[in-house]
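Asker: Just one file: target.cif, with mmCIF, C-alpha atoms.
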```cif
data_model
loop_
_atom_site.group_PDB
_atom_site.id
_atom_site.type_symbol
_atom_site.label_atom_id
_atom_site.label_comp_id
_atom_site.auth_asym_id
_atom_site.auth_seq_id
_atom_site.Cartn_x
_atom_site.Cartn_y
_atom_site.Cartn_z
ATOM 1 C CA MET M 1 -52.504 -29.769 124.842
ATOM 2 C CA LYS M 2 -49.158 -30.103 126.626
ATOM 3 C CA SER M 3 -46.736 -32.834 125.600
ATOM 4 C CA ILE M 4 -43.985 -34.660 127.501
ATOM 5 C CA LEU M 5 -41.251 -36.711 125.819
ATOM 6 C CA VAL M 6 -39.762 -39.537 127.899
ATOM 7 C CA THR M 7 -36.710 -41.253 126.404
ATOM 8 C CA GLY M 8 -35.338 -44.750 126.863
ATOM 9 C CA ILE M 9 -38.743 -46.265 127.603
ATOM 10 C CA GLY M 10 -37.370 -49.787 127.358
ATOM 11 C CA GLY M 11 -35.583 -49.328 130.696
ATOM 12 C CA ASN M 12 -36.824 -49.534 134.249
ATOM 13 C CA VAL M 13 -35.965 -45.884 135.015
ATOM 14 C CA ALA M 14 -38.285 -44.720 132.244
ATOM 15 C CA GLU M 15 -40.979 -47.105 133.391
ATOM 16 C CA GLY M 16 -40.806 -45.509 136.845
ATOM 17 C CA VAL M 17 -40.986 -42.018 135.324
ATOM 18 C CA LEU M 18 -43.971 -42.984 133.173
ATOM 19 C CA ARG M 19 -45.792 -44.626 136.073
ATOM 20 C CA ASN M 20 -45.251 -41.515 138.191
ATOM 21 C CA ILE M 21 -46.511 -39.192 135.468
ATOM 22 C CA ILE M 22 -49.638 -41.308 135.063
ATOM 23 C CA SER M 23 -50.217 -41.632 138.813
ATOM 24 C CA ILE M 24 -50.046 -37.856 139.202
ATOM 25 C CA LEU M 25 -51.898 -36.835 136.033
ATOM 26 C CA GLY M 26 -54.118 -39.852 135.414
ATOM 27 C CA TYR M 27 -54.657 -41.682 132.140
ATOM 28 C CA ASP M 28 -57.276 -39.224 130.937
ATOM 29 C CA SER M 29 -55.209 -36.063 131.442
ATOM 30 C CA HIS M 30 -54.720 -33.525 128.716
ATOM 31 C CA ILE M 31 -51.003 -34.299 128.572
ATOM 32 C CA LEU M 32 -49.688 -36.209 125.564
ATOM 33 C CA ILE M 33 -46.969 -38.672 126.579
ATOM 34 C CA VAL M 34 -44.473 -39.384 123.806
ATOM 35 C CA GLY M 35 -41.986 -42.197 124.395
ATOM 36 C CA THR M 36 -38.787 -42.975 122.516
ATOM 37 C CA ASP M 37 -36.435 -45.941 122.549
ATOM 38 C CA THR M 38 -33.867 -47.606 120.318
ATOM 39 C CA GLY M 39 -35.826 -50.862 120.410
ATOM 40 C CA GLU M 40 -38.849 -51.647 118.261
ATOM 41 C CA SER M 41 -41.226 -52.632 121.038
ATOM 42 C CA PRO M 42 -40.048 -51.451 124.462
ATOM 43 C CA ALA M 43 -41.977 -52.350 127.614
ATOM 44 C CA GLY M 44 -42.775 -48.710 128.443
ATOM 45 C CA LYS M 45 -44.678 -48.318 125.188
ATOM 46 C CA ILE M 46 -47.909 -49.330 126.970
ATOM 47 C CA PHE M 47 -47.719 -46.148 129.084
ATOM 48 C CA CYS M 48 -47.330 -43.776 126.128
ATOM 49 C CA ASP M 49 -49.819 -42.141 123.791
ATOM 50 C CA VAL M 50 -47.204 -42.047 121.018
ATOM 51 C CA PHE M 51 -44.085 -44.167 120.523
ATOM 52 C CA LYS M 52 -41.168 -43.380 118.212
ATOM 53 C CA GLN M 53 -38.111 -45.535 117.632
ATOM 54 C CA VAL M 54 -34.897 -43.476 117.551
ATOM 55 C CA PRO M 55 -31.196 -44.136 116.879
ATOM 56 C CA PHE M 56 -28.722 -44.331 119.749
ATOM 57 C CA ALA M 57 -27.954 -40.891 121.204
ATOM 58 C CA TRP M 58 -24.377 -40.848 119.904
ATOM 59 C CA GLN M 59 -25.414 -41.571 116.316
ATOM 60 C CA ASP M 60 -25.622 -38.725 113.799
ATOM 61 C CA GLU M 61 -29.320 -39.297 113.040
ATOM 62 C CA TYR M 62 -30.352 -38.906 116.698
ATOM 63 C CA GLU M 63 -30.472 -35.099 116.751
ATOM 64 C CA LYS M 64 -32.636 -34.899 113.605
ATOM 65 C CA SER M 65 -34.954 -37.601 114.918
ATOM 66 C CA ILE M 66 -35.464 -35.903 118.296
ATOM 67 C CA LYS M 67 -36.020 -32.481 116.726
ATOM 68 C CA GLU M 68 -38.664 -33.925 114.359
ATOM 69 C CA ILE M 69 -40.458 -35.626 117.251
ATOM 70 C CA CYS M 70 -40.445 -32.395 119.271
ATOM 71 C CA ILE M 71 -41.873 -30.404 116.365
ATOM 72 C CA ASN M 72 -44.420 -32.997 115.221
ATOM 73 C CA HIS M 73 -45.785 -33.569 118.725
ATOM 74 C CA CYS M 74 -45.365 -30.036 120.138
ATOM 75 C CA VAL M 75 -43.177 -31.340 122.973
ATOM 76 C CA ASP M 76 -42.963 -28.979 125.964
ATOM 77 C CA LEU M 77 -40.718 -31.044 128.250
ATOM 78 C CA ILE M 78 -38.108 -33.753 127.650
ATOM 79 C CA ILE M 79 -37.300 -36.231 130.407
ATOM 80 C CA PRO M 80 -34.261 -38.302 129.393
ATOM 81 C CA THR M 81 -33.785 -41.551 131.309
ATOM 82 C CA THR M 82 -30.436 -42.781 129.981
ATOM 83 C CA ASP M 83 -26.987 -41.365 130.745
ATOM 84 C CA TYR M 84 -25.989 -40.916 127.125
ATOM 85 C CA GLU M 85 -29.217 -39.121 126.250
ATOM 86 C CA THR M 86 -28.859 -36.618 129.109
ATOM 87 C CA TYR M 87 -25.498 -35.649 127.672
ATOM 88 C CA HIS M 88 -26.332 -35.702 123.961
ATOM 89 C CA LEU M 89 -29.673 -33.927 124.383
ATOM 90 C CA GLY M 90 -27.852 -31.211 126.324
ATOM 91 C CA LEU M 91 -25.710 -30.542 123.256
ATOM 92 C CA ILE M 92 -28.682 -29.929 120.957
ATOM 93 C CA ASP M 93 -29.758 -26.316 120.499
ATOM 94 C CA GLY M 94 -33.383 -25.354 120.127
ATOM 95 C CA LEU M 95 -35.015 -28.140 122.133
ATOM 96 C CA PRO M 96 -37.849 -27.630 124.604
ATOM 97 C CA THR M 97 -37.153 -27.675 128.345
ATOM 98 C CA LEU M 98 -34.802 -30.527 129.217
ATOM 99 C CA LEU M 99 -35.109 -32.075 132.684
ATOM 100 C CA ALA M 100 -31.435 -32.964 133.195
ATOM 101 C CA SER M 101 -28.242 -31.827 134.855
ATOM 102 C CA PRO M 102 -26.023 -29.364 132.977
ATOM 103 C CA VAL M 103 -24.218 -30.941 130.021
ATOM 104 C CA GLU M 104 -20.825 -30.573 131.762
ATOM 105 C CA THR M 105 -22.080 -32.626 134.717
ATOM 106 C CA CYS M 106 -23.534 -35.257 132.401
ATOM 107 C CA LYS M 107 -20.224 -35.530 130.538
ATOM 108 C CA LEU M 108 -18.273 -35.873 133.790
ATOM 109 C CA CYS M 109 -20.533 -38.692 134.958
ATOM 110 C CA LEU M 110 -20.093 -40.650 131.721
ATOM 111 C CA ASP M 111 -16.390 -41.086 132.563
ATOM 112 C CA LYS M 112 -16.008 -43.273 135.664
ATOM 113 C CA TYR M 113 -12.377 -42.231 136.198
ATOM 114 C CA GLU M 114 -13.151 -38.509 136.043
ATOM 115 C CA THR M 115 -16.147 -39.118 138.323
ATOM 116 C CA TYR M 116 -13.868 -40.863 140.824
ATOM 117 C CA LYS M 117 -11.309 -38.027 140.759
ATOM 118 C CA THR M 118 -13.968 -35.332 141.153
ATOM 119 C CA PHE M 119 -15.852 -37.164 143.903
ATOM 120 C CA SER M 120 -12.581 -37.803 145.779
ATOM 121 C CA LYS M 121 -11.748 -34.118 145.591
ATOM 122 C CA TYR M 122 -14.999 -33.325 147.429
ATOM 123 C CA GLY M 123 -14.932 -36.290 149.832
ATOM 124 C CA ILE M 124 -17.798 -38.139 148.126
ATOM 125 C CA SER M 125 -17.595 -41.923 148.409
ATOM 126 C CA PHE M 126 -16.793 -43.766 145.167
ATOM 127 C CA ALA M 127 -14.858 -46.959 144.452
ATOM 128 C CA GLU M 128 -11.145 -46.244 144.179
ATOM 129 C CA SER M 129 -10.258 -46.185 140.490
ATOM 130 C CA ILE M 130 -6.875 -46.476 138.801
ATOM 131 C CA LEU M 131 -5.945 -46.415 135.138
ATOM 132 C CA PRO M 132 -4.303 -49.653 133.938
ATOM 133 C CA SER M 133 -1.151 -47.682 133.003
ATOM 134 C CA ASP M 134 -0.888 -46.453 136.632
ATOM 135 C CA TRP M 135 -1.618 -49.820 138.255
ATOM 136 C CA ASN M 136 0.902 -51.284 140.634
ATOM 137 C CA TYR M 137 0.494 -54.722 142.115
ATOM 138 C CA THR M 138 1.253 -53.566 145.662
ATOM 139 C CA LYS M 139 -2.386 -52.568 146.289
ATOM 140 C CA ASP M 140 -3.855 -54.489 149.200
ATOM 141 C CA TRP M 141 -7.036 -55.486 147.397
ATOM 142 C CA GLU M 142 -8.533 -58.970 147.703
ATOM 143 C CA GLY M 143 -9.620 -58.890 144.088
ATOM 144 C CA ILE M 144 -9.955 -56.450 141.233
ATOM 145 C CA ILE M 145 -12.363 -55.668 138.473
ATOM 146 C CA VAL M 146 -11.469 -53.989 135.209
ATOM 147 C CA LYS M 147 -14.200 -52.163 133.351
ATOM 148 C CA PRO M 148 -14.571 -49.506 130.665
ATOM 149 C CA ARG M 149 -14.147 -45.909 131.823
ATOM 150 C CA GLU M 150 -17.283 -45.154 129.859
ATOM 151 C CA GLY M 151 -20.037 -47.666 129.665
ATOM 152 C CA ARG M 152 -23.483 -48.731 130.644
ATOM 153 C CA GLY M 153 -25.289 -51.826 131.785
ATOM 154 C CA SER M 154 -22.304 -53.685 133.307
ATOM 155 C CA ARG M 155 -20.829 -54.616 129.936
ATOM 156 C CA ASN M 156 -17.216 -55.689 129.343
ATOM 157 C CA ILE M 157 -16.311 -56.161 133.016
ATOM 158 C CA TYR M 158 -13.391 -58.462 133.809
ATOM 159 C CA LYS M 159 -12.867 -59.997 137.229
ATOM 160 C CA ASN M 160 -9.265 -60.601 138.346
ATOM 161 C CA PRO M 161 -7.652 -60.637 134.891
ATOM 162 C CA ARG M 162 -4.152 -62.151 134.855
ATOM 163 C CA ASP M 163 -2.529 -59.371 132.839
ATOM 164 C CA LEU M 164 -3.522 -55.712 132.768
ATOM 165 C CA LYS M 165 -1.174 -54.916 129.860
ATOM 166 C CA SER M 166 -3.944 -55.823 127.421
ATOM 167 C CA PHE M 167 -6.135 -52.986 128.768
ATOM 168 C CA GLY M 168 -5.673 -49.388 127.653
ATOM 169 C CA ASP M 169 -6.575 -46.302 129.647
ATOM 170 C CA ASP M 170 -10.082 -46.494 128.236
ATOM 171 C CA TYR M 171 -10.542 -48.953 131.138
ATOM 172 C CA ILE M 172 -10.230 -48.528 134.901
ATOM 173 C CA VAL M 173 -9.100 -50.889 137.656
ATOM 174 C CA GLN M 174 -11.135 -50.979 140.864
ATOM 175 C CA PRO M 175 -11.134 -53.141 143.974
ATOM 176 C CA GLU M 176 -13.705 -55.901 143.906
ATOM 177 C CA LEU M 177 -16.185 -54.779 146.537
ATOM 178 C CA LYS M 178 -18.532 -57.283 148.109
ATOM 179 C CA GLY M 179 -22.065 -56.460 149.197
ATOM 180 C CA PRO M 180 -25.003 -54.494 147.825
ATOM 181 C CA GLU M 181 -24.339 -51.768 145.285
ATOM 182 C CA ILE M 182 -26.333 -48.578 145.267
ATOM 183 C CA THR M 183 -26.211 -46.703 141.985
ATOM 184 C CA THR M 184 -27.915 -43.454 141.126
ATOM 185 C CA ALA M 185 -28.037 -40.965 138.305
ATOM 186 C CA PHE M 186 -29.042 -37.339 138.219
#
```
Represent the structure contained in this file as structure tokens.

Answerer:
Amino acid sequence: MKSILVTGIGGNVAEGVLRNIISILGYDSHILIVGTDTGESPAGKIFCDVFKQVPFAWQDEYEKSIKEICINHCVDLIIPTTDYETYHLGLIDGLPTLLASPVETCKLCLDKYETYKTFSKYGISFAESILPSDWNYTKDWEGIIVKPREGRGSRNIYKNPRDLKSFGDDYIVQPELKGPEITTAF
């Protein structure tokens, strides 16, 4: 029997992956679907044959946990669905096939400032991004947002803060853009 591991099954990306696997293979296929998440009872659990709770990808116990799951369930393919897991799984030697971009690409995309610089170099559209230490108030922006260079889930975002001196270069300053946002990962 073949086995697929899908990570981050509490999120909507994983739910989409799981639904697609099932729609292609069917519920009665000979593929074992193993799901992992940091939560105790993630929504995607209903689509999996086996569920295992794991630590966050950046925690020391994560590698051991993933390796044990792969061995115990004879995992043939890993499909990570969170940004941090694509990167951290790419650093682990001896895993089955990993469906993710190269680890260098994953690392680049975790840093919004480095992503901005690289995309700009190749003419790929991305919100202009400036480090707080490089900010000058002469920018002709209607409003600004300040957010962590590295982060997920729209956490710790500040709209039009009065003073940027309280932010280190682990944050970025961007123009406040109005309208729909299209975000993707690869």

Asker: To one decimal place in Å, what is the distance between CA of Arg155 (chain M) and CA of Lys112 (chain M)?

Answerer: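 The value is 13.6 Å.
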
Asker: Excluding Gly151 (chain M) and residues on its chain fewer than 6 positions from it, collect all residues at most 10 Å away from it, counting only C-alpha atoms, and give them as a PyMOL selection string.

Answerer: chain M and resi 83-84+110-112+157+171

Asker: Any chance you can output those residues with C-alpha atoms as a short mmCIF file (atom, residue, chain, number, x, y, z; two decimals), in the coordinates of the input?

Answerer:
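Output file result_9.cif is given in full below:
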```
data_model
loop_
_atom_site.label_atom_id
_atom_site.label_comp_id
_atom_site.auth_asym_id
_atom_site.auth_seq_id
_atom_site.Cartn_x
_atom_site.Cartn_y
_atom_site.Cartn_z
CA ASP M 83 -26.99 -41.36 130.74
CA TYR M 84 -25.99 -40.92 127.12
CA LEU M 110 -20.09 -40.65 131.72
CA ASP M 111 -16.39 -41.09 132.56
CA LYS M 112 -16.01 -43.27 135.66
CA ILE M 157 -16.31 -56.16 133.02
CA TYR M 171 -10.54 -48.95 131.14
#
```

Asker: Identify which of the residues M:Glu150, M:Cys106, M:Trp141, M:Ile78 lies closest to Pro175 (chain M), counting only C-alpha atoms when measuring atom-to-atom distances.

Answerer: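 Of M:Glu150, M:Cys106, M:Trp141, M:Ile78, the one nearest Pro175 (chain M) is M:Trp141, counting only C-alpha atoms.
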
Asker: Quick one: distance from CA of Glu40 (chain M) to CA of Gln53 (chain M) in Å, one decimal?

Answerer: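 It comes out at 6.2 Å.
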
Asker: Please provide as a list in words all residues within 12 Å of Leu164 (chain M), with the sequence filter that same-chain residues fewer than 2 positions apart are discarded (counting all atoms listed in the file).

Answerer: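 Everything that qualifies: Ile130, Leu131, Pro132, Ser133, Asp134, Trp135, Asn136, Tyr137, Ile144, Ile145, Val146, Lys147, Tyr158, Lys159, Asn160, Pro161, Arg162, Ser166, Phe167, Gly168, Asp169, Tyr171, Ile172 and Val173 of chain M.
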
Asker: Quick one: of M:Val75, M:Leu32, M:Ala127, M:Ile4, who's nearest to Pro96 (chain M), counting all atoms listed in the file?

Answerer: M:Val75

Asker: Just give me the gap between CA of Thr105 (chain M) and CA of Asn12 (chain M) in Å, one decimal is fine.

Answerer: 22.4 Å

Asker: Would you list the residues near (-48.9, -41.3, 119.2) (no more than 10 Å away, in the coordinates of the file, using only C-alpha atoms) as JSON, numbers by chain?

Answerer: {"M": [32, 33, 34, 35, 48, 49, 50, 51, 52, 73]}

Asker: So what does the PyMOL selection byres ((chain M and resi 88) around 10) actually pick up in this one, as a short mmCIF file (atom, residue, chain, number, x, y, z; two decimals) with C-alpha atoms, in the coordinates of the input?

Answerer:
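Once everything was written out, this is expr.cif:
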```
data_model
loop_
_atom_site.label_atom_id
_atom_site.label_comp_id
_atom_site.auth_asym_id
_atom_site.auth_seq_id
_atom_site.Cartn_x
_atom_site.Cartn_y
_atom_site.Cartn_z
CA PHE M 56 -28.72 -44.33 119.75
CA ALA M 57 -27.95 -40.89 121.20
CA TRP M 58 -24.38 -40.85 119.90
CA GLN M 59 -25.41 -41.57 116.32
CA TYR M 62 -30.35 -38.91 116.70
CA GLU M 63 -30.47 -35.10 116.75
CA PRO M 80 -34.26 -38.30 129.39
CA ASP M 83 -26.99 -41.36 130.74
CA TYR M 84 -25.99 -40.92 127.12
CA GLU M 85 -29.22 -39.12 126.25
CA THR M 86 -28.86 -36.62 129.11
CA TYR M 87 -25.50 -35.65 127.67
CA LEU M 89 -29.67 -33.93 124.38
CA GLY M 90 -27.85 -31.21 126.32
CA LEU M 91 -25.71 -30.54 123.26
CA ILE M 92 -28.68 -29.93 120.96
CA VAL M 103 -24.22 -30.94 130.02
CA CYS M 106 -23.53 -35.26 132.40
CA LYS M 107 -20.22 -35.53 130.54
#
```

Asker: Quick one: 5 Å padding each side, axis-aligned, all listed atoms of region 52-69 of chain M - centre and edge lengths in Å to one decimal, as AutoDock Vina command-line options?

Answerer:
```
--center_x -32.8 --center_y -39.0 --center_z 117.1 --size_x 26.8 --size_y 23.1 --size_z 18.2
```

Asker: Compare M:Ser29, M:Ser23, M:Glu68, M:Leu177 by their minimum atom-to-atom distance to Ser3 (chain M), counting only C-alpha atoms, and give me the closest one.

Answerer: M:Ser29

Asker: Hey, what's within 12 Å of Ser125 (chain M) if we count all atoms listed in the file and toss same-chain stuff fewer than 3 positions away? As a ChimeraX atom specification, please?

Answerer: /M:115-122,128-129,182-183

Asker: Once the PyMOL selection byres ((chain M and resi 8) around 10) has been evaluated on this model, what residues remain selected, and can you format them as a PyMOL selection string?

Answerer: chain M and resi 6-7+9-15+35-39+42+44+53-54+56+79-83+85

Asker: Which residue is closest to Ile46 (chain M)? Choose from M:Leu95, M:Pro148, M:Leu18, M:Asp28 and count all atoms listed in the file.

Answerer: M:Leu18

Asker: I'd like to know which of M:Met1, M:Asp140, M:Leu77, M:Lys67 is closest to Asp93 (chain M), using only C-alpha atoms.

Answerer: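 Ranked by minimum distance to Asp93 (chain M), first place goes to M:Lys67.
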